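Q: Following this message is one structure expressed as structure tokens.
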Amino acid sequence: MDIASKYSPTEIEDKWYAAWMEAKVFKSTPDEREPYTIVMPPPNVTGVLHMGHMLNNTIQDVLIRRARMRGYNACWVPGTDHASIATEAKVVRMLREQGITKADLTRDEFLKHAFEWKDKYGGIILKQLRKLGASADWDRTSFTMDSEYSESVIQVFCDLYEKGHIYRANRMVNWDPVAKTALSDEEVIYKEKNSFLYHVRYEIEGMPGEYVTIATTRPETIIADTAIAIHPEDERYTHLHGRRAIVPIVNRSVPIIQDDYVTMDFGTGALKVTPAHDVNDYEIGQRHGLEIIDSMNDDGTISDEMAVYQGMDRFKVRKQIAKDMEASGHLVEKEPYTNSVGHSERTDVVIESRLSLQWWLNMKNVSGPALEAVENGDVELIPGKFINTYRHWMGNVRDWCLSRQLWWGHRIPAYFIDGSEEYVVATSTEAALEKAKEKTGRTDLTMANLSQEEDVLDTWASSWLWPISVFNGLTQPGNAEIEYYYPTQVLVTAPEILFFWVARMIIAGFEYRDQRPFKDVYLTGIVRDKQRRKMSKSLGNSPDPLDLIADYGADSVRVGMLLSSPAGNDLLYDDALVEQGRNFANKIWNAFRLVKGWEIVDTEQQEREKIAIKWMKERIQEAGVEVDDHFDKYRLSDALMSMYKLIWDDFCSWFLEMIKPNYGDPISRQTQEESLEIFEELMKMLHPFMPFLTEELYHGMKERAEGDFICIAQQVQTKGSEAPILQEVELIKEAITAVRAFRAEKGLSPKEAIELYINSEKEALFQHYESVLVKFLNTSKIEFAKEQIDGTASIRVQSHEFYIPLGAIDVEAEKEKLYKEIEYTEGFLKIVLKKLGNERFVNNAPEAVVATERKKQADAEAKLEVLRKSLAELG
RNA sequence: GGGCUCUUAGCUCAGUUGGUUCAGAGCACCUGCCUUACAAGCAGGGGGUCACUGGUUCGAGUCCAGUAGGGCCCACCA
């Protein structure tokens with residue numbers, strides 16, 4: 001047989017993925033088996049695969065493949081999110097490049113462009129996931145703007161409105177002046193920025209030459225000031241009570257008010273109040289009935305209504321007004337200052353607080369069961385530390401701004417009557433008309449009297465239904481699929497969207513199914529580079545996942561990602577990890593070459609072959625339960641590492657070496673067959689991690705029936721093992737290692753045969769494993785002895801001694817070694833004796849602990865005796 | 001500012017209820033080997049005051065308090 005000495009993944013991966021698709025092995029339909037369902041967090045429809053997706057989807061694929069091989073009906077539902085603001089921003093940019101501005105288009109024209117874009121680029125990411133080996137049921141691919149999905153989103157909006165949870169209100173919102181839309185609190189990212197604290201003096205009306213000085217980071221909003229606020233108990237300003245001040249530049253007279261919101265020891269203790277442009281100022285304004293002057297347009301430029309700076313950008317105005325006020329003598333000081341400034345998550349532009357009319361969901365009304373579910377473990381967060389964060393957020397949850405001033409998304413199903421502020425909410429225009437007639441008592445109303453709300457819903461107001469709507473659980477309640485697949489098993493996602501998405505899915509789950517949407521939530525870490533920087537396009541520190549797969553193979557990349565990513569911990573990506581994965585793949589590949597390359601002969605099995613097979617089978621039992629345990633706790637890195645060591649160390653380094661015939665010799669048919677069975681079992685255990693390589697080898701081992709794939713083969717449930725052979729072989733391995741170390745130390749070539757004498761109370765045991773010792777140690781003779789033979793060096797393993805003849809022994813060096821060991825053992829014994837001499841220890845510690853200490857004492861004393869005897873023999 | 005969390009080998013991390021020689025793993029490193037499965041490999045080896053200080057206990061990497069330094073979340077300071 002001719003097999004290349006290096007594993008080359010590319011063709012093999014394409015071949016098997018195509019075969020799996022052809023055979024529809026990932027397809028799931030409800031049946032009598034227990035379901036294991038995962039809904040894939042839908043990436044943005046126009047997104048491209050990045051390292052975060054790789055980690056996320058690798059984890060999901062490992063879990064789903066394992067479930068599939070353990071008797072579950074595994075169903076992994078893929079799909080994409082319409083991602084309203086992100087996608088709309090992309091489409092706007094694309095149109096601008098074509099010389100088209102959004103403002104010139106009608107809503108319908110814009111949507112036409114958007115859908116064309118979506119059809120062209122949408123879903124690329126899902127195709128990329130196949131390269132990774134993702135075993136999703138692609139026939140189930142969903143999109144949050146599919147017609148039935150959209151129906152469910154509208155249905156839910158109407159229902160929540162009917163229940164009184166949704167309201168429309170004029171409130172301060174986070175405004176994105178580039179996307180020209182409101183954002184939810186969660187979409188605002190605060191960043192530390194170096195700026196200035198401007199100290200500005202306002203003249204007191206009727207007291208020429210008297211000033212009050214305020215401090216602000218946003219001088220451009222001065223033109224919209226409608227008051228100065230001071231603390232009622234601030235003695236510095238008592239003389240200003242009841243006075244008015246003149247706003248610089250615009251010369252407006254505004255009241256000086258007292259409010260205990262003001263912090264006396266910040267800045268100057270006097271605060272300018274701009275109710276239209278700051279949340280806190282707005283609240284002060286409400287308390288004092290202040291005028292609200294909105295000085296800005298929706299794009300962050302100064303409104304034409306204002307007397308100055310019309311049409312100028314807010315940041316230009318900041319510089320200009322500072323200059324102007326310096327010229328007019330109002331600017332007292334410009335102090336460097338660091339503060340945190342809100343930025344739009346999507347466009348990264350500085351957020352403007354702005355008063356506007358939006359749709360809100362009362363979160364307190366609906367979030368109760370979702371908080372409780374996580375508190376009582378009905379929904380389990382992994383790692384558990386996120387429970388605290390979750391509890392804190394849910395306990396202080398604020399109302400959710402649902403509306404976005406965009407076109408790409410689900411249009412809010414509210415209909416205004418005759419252009420007034422009076423409206424009805426309904427799932428269809430027909431239903432809306434009926435409601436409108438009812439509400440107004442006017443039977444003559446027609447569609448022409450109704451105009452639908454222009455705003456669309458926040459993306460998360462559709463994706464929060466994902467686990468339900470991918471099974472049409474809202475539009476067709478009680479259908480077979482939703483009843484079978486829901487609730488799902490586990491959600492794998494990033495902690496950064498715990499509130500955006502996870503919490504809201506739990507809320508929706510209880511509101512609409514009265515059930516959790518998933519049992520477990522596995523929160524992955526963030527993929528960072530070696531310097532712990534987050535991987536990002538702008539830093540250019542993120543490798544292209546597809547290039548990685550092309551260079552190393554998907555299996556290697558999967559292993560690389562999983563090797564260092566315990567749940568909740570960041571993954572510090574390094575090519576070295578993927579190289580380790582590749583090396584592992586190659587190791588397995590070569591083990592396969594070895595086993596398949598032997599010449600076969602029909603002879604009796606040799607003793608060492610029998611031992612090897614028996615031992616390896618027990619090892620698999622033992623390691624299998626360890627792997628199961630890791631999986632139960634979602635410790636995927638540990639599970640993989642257990643497999644890595646089982647294959648590399650136990651299977652390759654010990655098992656294969658034990659059965660390997662001497663060069664040129666054939667192997668017994670039975671041994672080869674049994675080795676292949678063991679190999680196959682290992683490949684099944686490994687398959688969820690390395691699907692392609694294991695599939696290839698599964699078919700390389702023997703002819704398989706059509707439709708027989710390892711990915712749908714069933715793993716044997718391991719039961720653990722405490723067979724004596726495990727401990728016995730451990731002892732033999734220890735002895736072999738000790739002798740090898742001795743040879744290495746003495747510079748003895750492995751080619752040079754040695755004689756070996758064993759002095760042990762367990763002669764029978766060593767006799768039984770003699771063939772193994774011979775195989776590993778290249779011995780010309782093995783005999784038993786009762787005491788050290790002249791002219792030999794001795795090696796101790798536990799209570800057993802091995803003597804190896806040497807031409808010339810360095811007596812002094814041997815003595816030195818013995819001294820050191822005696823010294824160490826004496827020290828050890830001293831500590832043990834001290835413990836045992838302590839009455840309180842003997843009286844208080846559990847018997848078992850005391851017993852082990854006594855055993856330690858006995859062992860150490862026995863060992864010392866042997867060591868001293870050896871020393872004496874050396875003279 | 002409030003809450004949570006972390007600090008163990010050069011790096012990334014395990015270490016379950018305090019108790020076996022408990023101080024571990026993988027990688028990296030060092031030494032020797034191109035031994036016909038694999039140099040993407042084999043064999044062997046070195047390496048840690050468990051952040052610091054104190055306490056509880058017969059016994060602390062593990063429990064408690066404080067200190068120092070990271071990280072995360074929330075609120076947000078004009």
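Just remember, in the structure tokens the first chain shown is A, the second B, etc., residues are 1-based per chain, and ligands are 1-based in the order shown.
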Would you give me, as a VMD selection string, the residues of chain A that come within 6 Å of chain B, using only C-alpha atoms (C1' of nucleotides)?

A: chain A and resid 216 389 583 587 590 to 591 593 to 594 741 840 to 841

Q: Give the alpha helix (DSSP H) residues of stretch 340-475 of chain A, as assigned by DSSP on the backbone, as a ChimeraX atom specification.

A: /A:363-366,368-375,386-395,429-440,460-463,466-469

Q: Quick one: residues within 7 Å of A:Ser356, only C-alpha atoms (C1' of nucleotides) counted, chain neighbours fewer than 4 positions away excluded, as a PDB file with N, CA and C atoms, in the first residue's frame?

A:
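Okay, out37.pdb is ready:
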ATOM      1  N   ASN A 170     -42.393  60.359  23.853  1.00  0.00           N
ATOM      2  CA  ASN A 170     -41.354  61.303  23.531  1.00  0.00           C
ATOM      3  C   ASN A 170     -40.340  61.257  24.664  1.00  0.00           C
ATOM      4  N   ARG A 171     -39.156  60.810  24.354  1.00  0.00           N
ATOM      5  CA  ARG A 171     -38.164  60.659  25.400  1.00  0.00           C
ATOM      6  C   ARG A 171     -36.790  60.931  24.855  1.00  0.00           C
ATOM      7  N   MET A 172     -35.859  61.078  25.766  1.00  0.00           N
ATOM      8  CA  MET A 172     -34.468  61.186  25.355  1.00  0.00           C
ATOM      9  C   MET A 172     -34.021  59.843  24.797  1.00  0.00           C
ATOM     10  N   VAL A 173     -33.444  59.876  23.642  1.00  0.00           N
ATOM     11  CA  VAL A 173     -32.907  58.648  23.085  1.00  0.00           C
ATOM     12  C   VAL A 173     -31.450  58.863  22.707  1.00  0.00           C
TER      13      VAL A 173
END

Q: Give me the residues within 10 Å of B:C29 as a count of residues only, counting only C-alpha atoms (C1' of nucleotides) and dropping any in the same chain fewer than 2 places off.

A: 3

Q: Neighbours of B:A65 within 12 Å (only C-alpha atoms (C1' of nucleotides); same-chain residues fewer than 5 positions away dropped), as a short mmCIF file (atom, residue, chain, number, x, y, z; two decimals) with N, CA, C and O atoms (P, O5', C5', C4', C3', O3' and C1' of nucleotides), in the first residue's frame?

A:
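That gives us result_2.cif:
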data_model
loop_
_atom_site.label_atom_id
_atom_site.label_comp_id
_atom_site.auth_asym_id
_atom_site.auth_seq_id
_atom_site.Cartn_x
_atom_site.Cartn_y
_atom_site.Cartn_z
P U B 53 4.46 37.74 51.84
"O5'" U B 53 3.49 38.50 52.85
"C5'" U B 53 3.82 39.80 53.35
"C4'" U B 53 2.72 40.31 54.25
"C3'" U B 53 2.24 39.32 55.32
"O3'" U B 53 3.09 39.31 56.44
"C1'" U B 53 0.37 40.32 54.27
P G B 54 3.14 37.98 57.35
"O5'" G B 54 1.67 37.89 57.95
"C5'" G B 54 1.38 38.45 59.22
"C4'" G B 54 -0.10 38.60 59.41
"C3'" G B 54 -0.85 37.37 59.91
"O3'" G B 54 -0.66 37.12 61.30
"C1'" G B 54 -2.09 38.42 58.20
P G B 55 -0.77 35.61 61.82
"O5'" G B 55 -2.33 35.31 61.70
"C5'" G B 55 -3.25 36.03 62.52
"C4'" G B 55 -4.66 35.70 62.13
"C3'" G B 55 -5.10 34.25 62.35
"O3'" G B 55 -5.45 34.02 63.70
"C1'" G B 55 -5.82 34.98 60.21
P U B 56 -5.29 32.56 64.32
"O5'" U B 56 -6.46 31.74 63.62
"C5'" U B 56 -7.82 32.07 63.91
"C4'" U B 56 -8.73 31.15 63.13
"C3'" U B 56 -8.42 29.66 63.28
"O3'" U B 56 -8.99 29.12 64.46
"C1'" U B 56 -8.74 30.19 61.00
#

Q: At what distance in Å, to one decimal, does atom CA of A:Pro661 lie from atom CA of A:Thr603?

A: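 About the pair atom CA of A:Thr603 and atom CA of A:Pro661: they are 12.8 Å apart.
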
Q: Between atom CA of A:Trp589 and atom CA of A:Arg704, what is the distance, to one decimal in Å?

A: 19.0 Å

Q: How far is it from atom CA of A:Asp529 to atom CA of A:Ala550, in Å with one decimal?

A: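 Spanning atom CA of A:Asp529 to atom CA of A:Ala550 is a straight-line distance of 20.1 Å.
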
Q: Determine, counting only C-alpha atoms (C1' of nucleotides), which protein, DNA and RNA residues have an atom within 12 Å of an atom of A:Lys702; residues of the same chain fewer than 6 positions away are not included. Present the result as a PyMOL selection string.

A: chain A and resi 596+673+676-677+679-680+695-696+708-709

Q: Ranking A:Leu756, A:Thr427, A:Asn838, A:Phe828 by minimum distance to A:Pro805 and counting only C-alpha atoms, which one comes first?

A: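 For A:Pro805, the nearest of the candidates is A:Leu756.
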